[in-house]
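Chemist: Next up, run38.txt (compact mmCIF, C-alpha atoms and all ligand atoms).
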# COMPACT_ATOMS: atom_id res chain seq x y z
CA MET A 1183 -109.82 70.33 1.00
CA PRO A 1184 -110.73 68.15 -1.97
CA ASP A 1185 -112.66 69.65 -4.89
CA ILE A 1186 -115.42 67.11 -5.43
CA THR A 1187 -117.41 66.37 -8.57
CA VAL A 1188 -120.17 63.77 -8.40
CA LEU A 1189 -120.77 61.80 -11.60
CA ARG A 1190 -124.27 60.34 -11.76
CA LEU A 1191 -124.46 57.43 -14.22
CA GLY A 1192 -127.55 55.90 -15.81
CA HIS A 1193 -130.07 58.63 -14.98
CA ARG A 1194 -133.44 57.88 -16.64
CA PRO A 1195 -135.41 61.18 -16.62
CA GLU A 1196 -138.83 59.52 -16.45
CA ARG A 1197 -137.89 57.18 -13.53
CA ASP A 1198 -134.99 58.76 -11.67
CA LYS A 1199 -135.78 62.47 -11.56
CA ARG A 1200 -136.50 62.53 -7.86
CA ILE A 1201 -133.56 60.40 -6.78
CA THR A 1202 -131.08 62.17 -9.06
CA THR A 1203 -132.32 65.49 -7.65
CA HIS A 1204 -131.60 64.04 -4.21
CA VAL A 1205 -128.12 62.94 -5.34
CA ALA A 1206 -127.44 66.52 -6.47
CA LEU A 1207 -128.87 68.19 -3.34
CA THR A 1208 -127.04 65.78 -1.06
CA ALA A 1209 -123.80 66.38 -2.97
CA ARG A 1210 -124.28 70.15 -2.48
CA ALA A 1211 -125.30 69.97 1.18
CA PHE A 1212 -122.47 67.59 2.12
CA GLY A 1213 -119.65 69.59 0.54
CA ALA A 1214 -119.28 68.58 -3.13
CA ASN A 1215 -118.71 71.35 -5.70
CA ARG A 1216 -120.69 70.09 -8.69
CA VAL A 1217 -122.66 67.22 -10.17
CA VAL A 1218 -122.44 65.95 -13.73
CA VAL A 1219 -125.17 63.69 -15.06
CA SER A 1220 -124.79 61.38 -18.05
CA THR A 1221 -128.29 61.96 -19.50
CA LYS A 1222 -129.52 65.36 -20.68
CA ASP A 1223 -132.31 66.60 -18.39
CA PRO A 1224 -133.09 70.34 -18.48
CA GLY A 1225 -135.84 69.96 -15.82
CA LEU A 1226 -133.34 68.45 -13.39
CA GLU A 1227 -130.87 71.26 -14.07
CA GLU A 1228 -133.58 73.83 -13.44
CA SER A 1229 -134.70 72.37 -10.11
CA VAL A 1230 -131.14 72.12 -8.75
CA ARG A 1231 -130.25 75.65 -9.93
CA ASP A 1232 -133.39 76.94 -8.26
CA VAL A 1233 -132.21 75.54 -4.89
CA VAL A 1234 -128.76 77.08 -5.40
CA LYS A 1235 -130.35 80.43 -6.21
CA ARG A 1236 -132.53 80.35 -3.10
CA PHE A 1237 -130.10 78.83 -0.63
CA GLY A 1238 -126.74 80.09 -1.95
CA GLY A 1239 -123.30 78.73 -2.71
CA ASP A 1240 -121.69 78.04 -6.07
CA PHE A 1241 -122.70 74.42 -6.66
CA THR A 1242 -123.20 73.66 -10.37
CA ILE A 1243 -124.95 70.99 -12.41
CA SER A 1244 -124.35 69.82 -15.99
CA THR A 1245 -126.34 67.11 -17.75
CA GLY A 1246 -125.84 65.30 -21.06
CA ILE A 1247 -122.18 64.55 -20.32
CA ASN A 1248 -120.26 61.95 -22.34
CA TRP A 1249 -119.43 59.98 -19.18
CA ARG A 1250 -116.93 57.57 -20.81
CA ARG A 1251 -114.80 60.41 -22.06
CA TYR A 1252 -115.27 62.39 -18.83
CA LEU A 1253 -114.12 59.43 -16.77
CA GLN A 1254 -111.17 58.57 -19.00
CA GLU A 1255 -109.95 62.17 -19.17
CA TYR A 1256 -110.59 63.02 -15.51
CA PRO A 1257 -107.29 64.35 -14.16
CA GLY A 1258 -107.83 63.57 -10.45
CA MET A 1259 -108.70 60.64 -8.21
CA VAL A 1260 -111.77 58.54 -9.12
CA VAL A 1261 -113.82 57.10 -6.25
CA HIS A 1262 -116.62 54.71 -7.23
CA LEU A 1263 -119.37 53.95 -4.71
CA THR A 1264 -120.32 50.30 -4.91
CA MET A 1265 -121.52 47.72 -2.40
CA TYR A 1266 -118.78 45.42 -3.75
CA GLY A 1267 -115.93 47.78 -2.80
CA LEU A 1268 -113.69 48.20 0.23
CA PRO A 1269 -115.06 49.51 3.54
CA VAL A 1270 -115.51 53.28 3.59
CA ASP A 1271 -113.84 53.69 6.98
CA GLU A 1272 -110.74 51.87 5.72
CA VAL A 1273 -110.31 53.79 2.47
CA ALA A 1274 -111.84 57.28 2.97
CA PRO A 1275 -108.57 58.49 4.58
CA GLN A 1276 -106.86 57.74 1.23
CA VAL A 1277 -108.94 60.42 -0.51
CA ARG A 1278 -106.48 63.21 -1.12
CA ASP A 1279 -106.87 66.97 -1.39
CA GLY A 1280 -107.18 68.07 -5.03
CA GLU A 1281 -109.69 66.97 -7.64
CA VAL A 1282 -111.86 63.99 -6.74
CA LEU A 1283 -114.59 62.41 -8.88
CA VAL A 1284 -117.20 60.39 -6.97
CA VAL A 1285 -119.15 58.03 -9.24
CA VAL A 1286 -122.63 56.78 -8.33
CA GLY A 1287 -124.84 54.51 -10.43
CA ALA A 1288 -128.55 54.05 -10.94
CA GLU A 1289 -128.87 50.62 -12.53
CA LYS A 1290 -126.01 48.20 -13.38
CA VAL A 1291 -122.69 50.02 -13.57
CA PRO A 1292 -120.38 48.96 -16.47
CA PRO A 1293 -117.21 47.00 -15.49
CA GLU A 1294 -114.92 49.71 -16.93
CA VAL A 1295 -115.96 52.02 -14.07
CA TYR A 1296 -114.63 49.48 -11.53
CA GLN A 1297 -111.38 49.27 -13.56
CA ARG A 1298 -110.88 53.02 -13.93
CA ALA A 1299 -111.64 53.79 -10.27
CA ASP A 1300 -108.70 54.48 -8.00
CA LEU A 1301 -110.93 53.41 -5.11
CA ASN A 1302 -114.05 51.21 -5.18
CA VAL A 1303 -115.74 52.11 -1.90
CA ALA A 1304 -118.54 50.31 -0.06
CA VAL A 1305 -120.73 51.87 2.58
CA GLY A 1306 -121.47 48.50 4.11
CA ASN A 1307 -121.85 45.53 1.74
CA GLN A 1308 -125.64 45.58 1.59
CA PRO A 1309 -127.51 47.12 -1.35
CA HIS A 1310 -129.12 50.45 -0.45
CA SER A 1311 -129.18 53.88 -2.08
CA GLU A 1312 -126.77 56.12 -3.94
CA VAL A 1313 -128.05 59.03 -1.83
CA ALA A 1314 -127.22 57.31 1.46
CA ALA A 1315 -123.85 56.06 0.16
CA LEU A 1316 -122.91 59.54 -1.08
CA ALA A 1317 -123.87 61.25 2.18
CA ILE A 1318 -121.82 58.86 4.29
CA LEU A 1319 -118.77 59.01 1.99
CA LEU A 1320 -118.76 62.83 1.90
CA ASP A 1321 -119.26 63.00 5.65
CA ARG A 1322 -116.29 60.65 6.17
CA ILE A 1323 -114.11 62.63 3.73
CA PHE A 1324 -114.92 65.96 5.40
CA GLN A 1325 -115.07 64.42 8.89
CA GLY A 1326 -118.35 66.16 9.68
CA ARG A 1327 -117.19 69.66 8.76
CA ALA A 1328 -119.18 70.00 5.52
CA LEU A 1329 -122.43 70.28 7.44
CA TYR A 1330 -121.28 73.64 8.81
CA LYS A 1331 -120.17 75.04 5.45
CA GLU A 1332 -121.35 78.54 4.50
CA PHE A 1333 -123.52 78.97 1.40
CA PRO A 1334 -123.09 82.66 0.55
CA GLY A 1335 -125.35 84.64 -1.73
CA GLY A 1336 -128.70 82.87 -1.24
CA ARG A 1337 -132.01 84.57 -0.47
CA MET A 1338 -133.04 82.08 2.22
CA ARG A 1339 -131.37 81.39 5.55
CA VAL A 1340 -132.67 78.72 7.87
CA LEU A 1341 -132.08 79.52 11.51
CA PRO A 1342 -132.06 76.45 13.74
CA CYS A 1343 -134.92 76.45 16.21
CA GLU A 1344 -136.30 74.02 18.71
CA ARG A 1345 -139.77 73.79 17.18
CA GLY A 1346 -141.38 75.10 13.98
CA LYS A 1347 -139.54 76.87 11.18
CA ASN A 1348 -137.41 79.96 11.31
CA VAL A 1349 -136.47 81.15 7.84
CA VAL A 1350 -135.08 84.56 7.00
CA GLU A 1351 -135.75 85.73 3.46
CA LEU A 1352 -133.31 88.42 2.34
CA SER A 1353 -134.70 90.98 -0.07
CA GLU A 1354 -133.15 91.07 -3.56
CA GLN A 1355 -130.62 93.84 -4.13
N1 LIG A 1401 -127.46 46.94 -8.86
C1 LIG A 1401 -126.57 48.00 -9.23
C2 LIG A 1401 -125.16 47.44 -9.44
O1 LIG A 1401 -124.93 46.28 -9.19
O2 LIG A 1401 -124.30 48.23 -9.84
C3 LIG A 1401 -126.57 49.08 -8.18
C4 LIG A 1401 -127.89 49.80 -7.97
S1 LIG A 1401 -127.94 50.88 -6.54
C5 LIG A 1401 -129.63 51.19 -6.34
C6 LIG A 1401 -127.42 52.42 -7.18
C7 LIG A 1401 -126.12 52.92 -6.67
O3 LIG A 1401 -126.15 53.04 -5.25
C8 LIG A 1401 -124.91 52.06 -6.94
O4 LIG A 1401 -124.43 52.21 -8.25
C9 LIG A 1401 -123.93 52.63 -5.91
O5 LIG A 1401 -123.28 53.80 -6.40
C10 LIG A 1401 -124.84 52.99 -4.74
N2 LIG A 1401 -124.83 52.01 -3.65
C11 LIG A 1401 -125.84 51.19 -3.29
N3 LIG A 1401 -125.49 50.45 -2.22
C12 LIG A 1401 -124.23 50.80 -1.90
C13 LIG A 1401 -123.31 50.40 -0.88
N4 LIG A 1401 -123.62 49.46 0.03
N5 LIG A 1401 -122.10 51.00 -0.85
C14 LIG A 1401 -121.77 51.94 -1.75
N6 LIG A 1401 -122.59 52.37 -2.73
C15 LIG A 1401 -123.81 51.80 -2.81
Spell out the structure here as structure tokens.
Ligand code: SAM

Modeler:
Amino acid sequence: MPDITVLRLGHRPERDKRITTHVALTARAFGANRVVVSTKDPGLEESVRDVVKRFGGDFTISTGINWRRYLQEYPGMVVHLTMYGLPVDEVAPQVRDGEVLVVVGAEKVPPEVYQRADLNVAVGNQPHSEVAALAILLDRIFQGRALYKEFPGGRMRVLPCERGKNVVELSEQ
């Protein structure tokens, strides 16, 4: 199984808080191990850690990362999500086990990211959202299995039910 880090570029705390939170939660729910965000944002860190605490797993978040250095020194495969890339269904099978960095942008992504990427991957060639692109890529990489991943250690467990909400809250030890 690949160990996946999502690198979120260009996060603007005042404008992008909600969507970057969604990038992080989607990364976690669809099987990634961590998210790193270029801009420092303690509020974003807090809200993602709060979900991890309540719902479990060992997903981590770091913000204020020097993304140029991170990208240059990254030891594994770099996969950049861009509408200009190659079709996801063609290239997702090339994603190997081991360390994988998935890069998503917010506004214009610098050309060096396209150059450094081992794979520039498009989820269709229409502009849409980093959240949608990330979900589809991770789902293709894990071939649907990530949705059934266990998240040990959380206080809350959602039990599927036909109607309404069935949530079990475990008492703290
Ligand atoms: N206009 C920006 C550019 O040209 O780089 C992209 C802005 S878009 C709202 C934000 C991010 O969503 C992109 O950086 C990319 O990671 C992702 N994205 C949007 N559409 C995509 C697509 N069709 N395939 C893959 N990724 C996509």

Chemist: Once you count all atoms listed in the file, what closest atom pair and distance in Å to one decimal does each residue of chain A within 8 Å of ligand LIG 1401 (chain A) have, with rows by chain and rising residue number, as a Markdown table?

Modeler:
| residue | atom | partner | partner_atom | distance |
| --- | --- | --- | --- | --- |
| A:Leu1191 | CA | A:LIG1401 | O4 | 7.9 |
| A:His1262 | CA | A:LIG1401 | O5 | 6.8 |
| A:Leu1263 | CA | A:LIG1401 | N6 | 4.1 |
| A:Thr1264 | CA | A:LIG1401 | N6 | 3.8 |
| A:Met1265 | CA | A:LIG1401 | C13 | 3.6 |
| A:Tyr1266 | CA | A:LIG1401 | N5 | 7.1 |
| A:Gly1267 | CA | A:LIG1401 | N5 | 7.2 |
| A:Val1285 | CA | A:LIG1401 | O5 | 6.6 |
| A:Val1286 | CA | A:LIG1401 | O5 | 3.6 |
| A:Gly1287 | CA | A:LIG1401 | O4 | 3.2 |
| A:Ala1288 | CA | A:LIG1401 | C6 | 4.3 |
| A:Glu1289 | CA | A:LIG1401 | C4 | 4.7 |
| A:Lys1290 | CA | A:LIG1401 | O2 | 3.9 |
| A:Val1291 | CA | A:LIG1401 | O2 | 4.4 |
| A:Pro1292 | CA | A:LIG1401 | O2 | 7.7 |
| A:Val1303 | CA | A:LIG1401 | C14 | 6.0 |
| A:Ala1304 | CA | A:LIG1401 | N5 | 3.7 |
| A:Val1305 | CA | A:LIG1401 | N5 | 3.8 |
| A:Gly1306 | CA | A:LIG1401 | N4 | 4.7 |
| A:Asn1307 | CA | A:LIG1401 | N4 | 4.6 |
| A:Gln1308 | CA | A:LIG1401 | N4 | 4.6 |
| A:Pro1309 | CA | A:LIG1401 | N3 | 4.0 |
| A:His1310 | CA | A:LIG1401 | N3 | 4.0 |
| A:Ser1311 | CA | A:LIG1401 | C11 | 4.5 |
| A:Glu1312 | CA | A:LIG1401 | O3 | 3.4 |
| A:Val1313 | CA | A:LIG1401 | O3 | 7.2 |
| A:Ala1314 | CA | A:LIG1401 | N2 | 7.7 |
| A:Ala1315 | CA | A:LIG1401 | N6 | 4.9 |
| A:Leu1316 | CA | A:LIG1401 | N6 | 7.4 |

Chemist: Residues of segment 1264-1330 of chain A within 12 Å of segment 1232-1256 of chain A: nearest atom pair and distance (Å, one decimal) for each, counting only C-alpha atoms, sorted by chain and number, as JSON lines?

Modeler:
{"residue": "A:Glu1281", "atom": "CA", "partner": "A:Tyr1256", "partner_atom": "CA", "distance": 8.9}
{"residue": "A:Val1282", "atom": "CA", "partner": "A:Tyr1256", "partner_atom": "CA", "distance": 8.9}
{"residue": "A:Leu1283", "atom": "CA", "partner": "A:Tyr1256", "partner_atom": "CA", "distance": 7.8}
{"residue": "A:Val1284", "atom": "CA", "partner": "A:Leu1253", "partner_atom": "CA", "distance": 10.3}
{"residue": "A:Val1285", "atom": "CA", "partner": "A:Leu1253", "partner_atom": "CA", "distance": 9.2}
{"residue": "A:Val1286", "atom": "CA", "partner": "A:Trp1249", "partner_atom": "CA", "distance": 11.8}
{"residue": "A:Gly1287", "atom": "CA", "partner": "A:Trp1249", "partner_atom": "CA", "distance": 11.7}
{"residue": "A:Val1291", "atom": "CA", "partner": "A:Trp1249", "partner_atom": "CA", "distance": 11.9}
{"residue": "A:Pro1292", "atom": "CA", "partner": "A:Arg1250", "partner_atom": "CA", "distance": 10.2}
{"residue": "A:Pro1293", "atom": "CA", "partner": "A:Arg1250", "partner_atom": "CA", "distance": 11.8}
{"residue": "A:Glu1294", "atom": "CA", "partner": "A:Arg1250", "partner_atom": "CA", "distance": 9.0}
{"residue": "A:Val1295", "atom": "CA", "partner": "A:Leu1253", "partner_atom": "CA", "distance": 8.1}
{"residue": "A:Tyr1296", "atom": "CA", "partner": "A:Leu1253", "partner_atom": "CA", "distance": 11.3}
{"residue": "A:Gln1297", "atom": "CA", "partner": "A:Gln1254", "partner_atom": "CA", "distance": 10.8}
{"residue": "A:Arg1298", "atom": "CA", "partner": "A:Gln1254", "partner_atom": "CA", "distance": 7.5}
{"residue": "A:Ala1299", "atom": "CA", "partner": "A:Leu1253", "partner_atom": "CA", "distance": 9.0}
{"residue": "A:Asp1300", "atom": "CA", "partner": "A:Leu1253", "partner_atom": "CA", "distance": 11.4}

Chemist: With C-alpha atoms retained, could you export that selection as a compact mmCIF listing (two decimals), keeping the file's coordinate frame?

Modeler:
# COMPACT_ATOMS: atom_id res chain seq x y z
CA GLU A 1281 -109.69 66.97 -7.64
CA VAL A 1282 -111.86 63.99 -6.74
CA LEU A 1283 -114.59 62.41 -8.88
CA VAL A 1284 -117.20 60.39 -6.97
CA VAL A 1285 -119.15 58.03 -9.24
CA VAL A 1286 -122.63 56.78 -8.33
CA GLY A 1287 -124.84 54.51 -10.43
CA VAL A 1291 -122.69 50.02 -13.57
CA PRO A 1292 -120.38 48.96 -16.47
CA PRO A 1293 -117.21 47.00 -15.49
CA GLU A 1294 -114.92 49.71 -16.93
CA VAL A 1295 -115.96 52.02 -14.07
CA TYR A 1296 -114.63 49.48 -11.53
CA GLN A 1297 -111.38 49.27 -13.56
CA ARG A 1298 -110.88 53.02 -13.93
CA ALA A 1299 -111.64 53.79 -10.27
CA ASP A 1300 -108.70 54.48 -8.00

Chemist: In Å, how far is it from atom CA of Leu1329 of chain A to atom CA of Asp1185 of chain A?

Modeler: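 Taking atom CA of Leu1329 of chain A and atom CA of Asp1185 of chain A, their separation equals 15.7 Å.
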
Chemist: Go ahead and compute the interatomic distance for atom CA of Arg1216 of chain A and atom CA of Arg1339 of chain A, in Å to one decimal.

Modeler: 21.1 Å

Chemist: Could you state the separation of atom CA of Thr1202 of chain A and atom CA of Val1230 of chain A in Å, given to one decimal place?

Modeler: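 Separation of atom CA of Thr1202 of chain A and atom CA of Val1230 of chain A: 10.0 Å.
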
Chemist: Of the candidates A:Pro1269, A:Pro1275, A:Pro1224, A:Gly1280, which shows the shortest atom-to-atom distance to Thr1187 of chain A, using all atoms listed in the file?

Modeler: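 When distances to Thr1187 of chain A are compared using all atoms listed in the file, the smallest one comes from A:Gly1280.
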
Chemist: Which residue is closest to Glu1332 of chain A? Choose from A:Arg1345, A:Arg1231, A:Lys1222, A:Arg1210 and count only C-alpha atoms.

Modeler: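 Looking at the shortest contact to Glu1332 of chain A, the residue is A:Arg1210.
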
Chemist: Considering all atoms listed in the file, can you say which of A:Gly1346, A:Pro1334, A:Gly1225, A:Pro1184 comes closest to Arg1278 of chain A?

Modeler: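 Residue with the minimum atom-to-atom distance to Arg1278 of chain A: A:Pro1184.
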
Chemist: Using only C-alpha atoms, determine which residues lie at most 9 Å from Ala1211 of chain A, disregarding the query and same-chain residues fewer than 5 positions distant; provide the list as a list of chain:residue names.

Modeler: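 Here the answer would be A:Ala1206, A:Ala1317, A:Ala1328, A:Leu1329, A:Lys1331.
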
Chemist: With all atoms listed in the file as the basis for distance, which of A:Val1270, A:Val1340, A:Val1277, A:Leu1319 is at the shortest distance from Met1183 of chain A?

Modeler: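 Closest to Met1183 of chain A of all the choices is A:Val1277.
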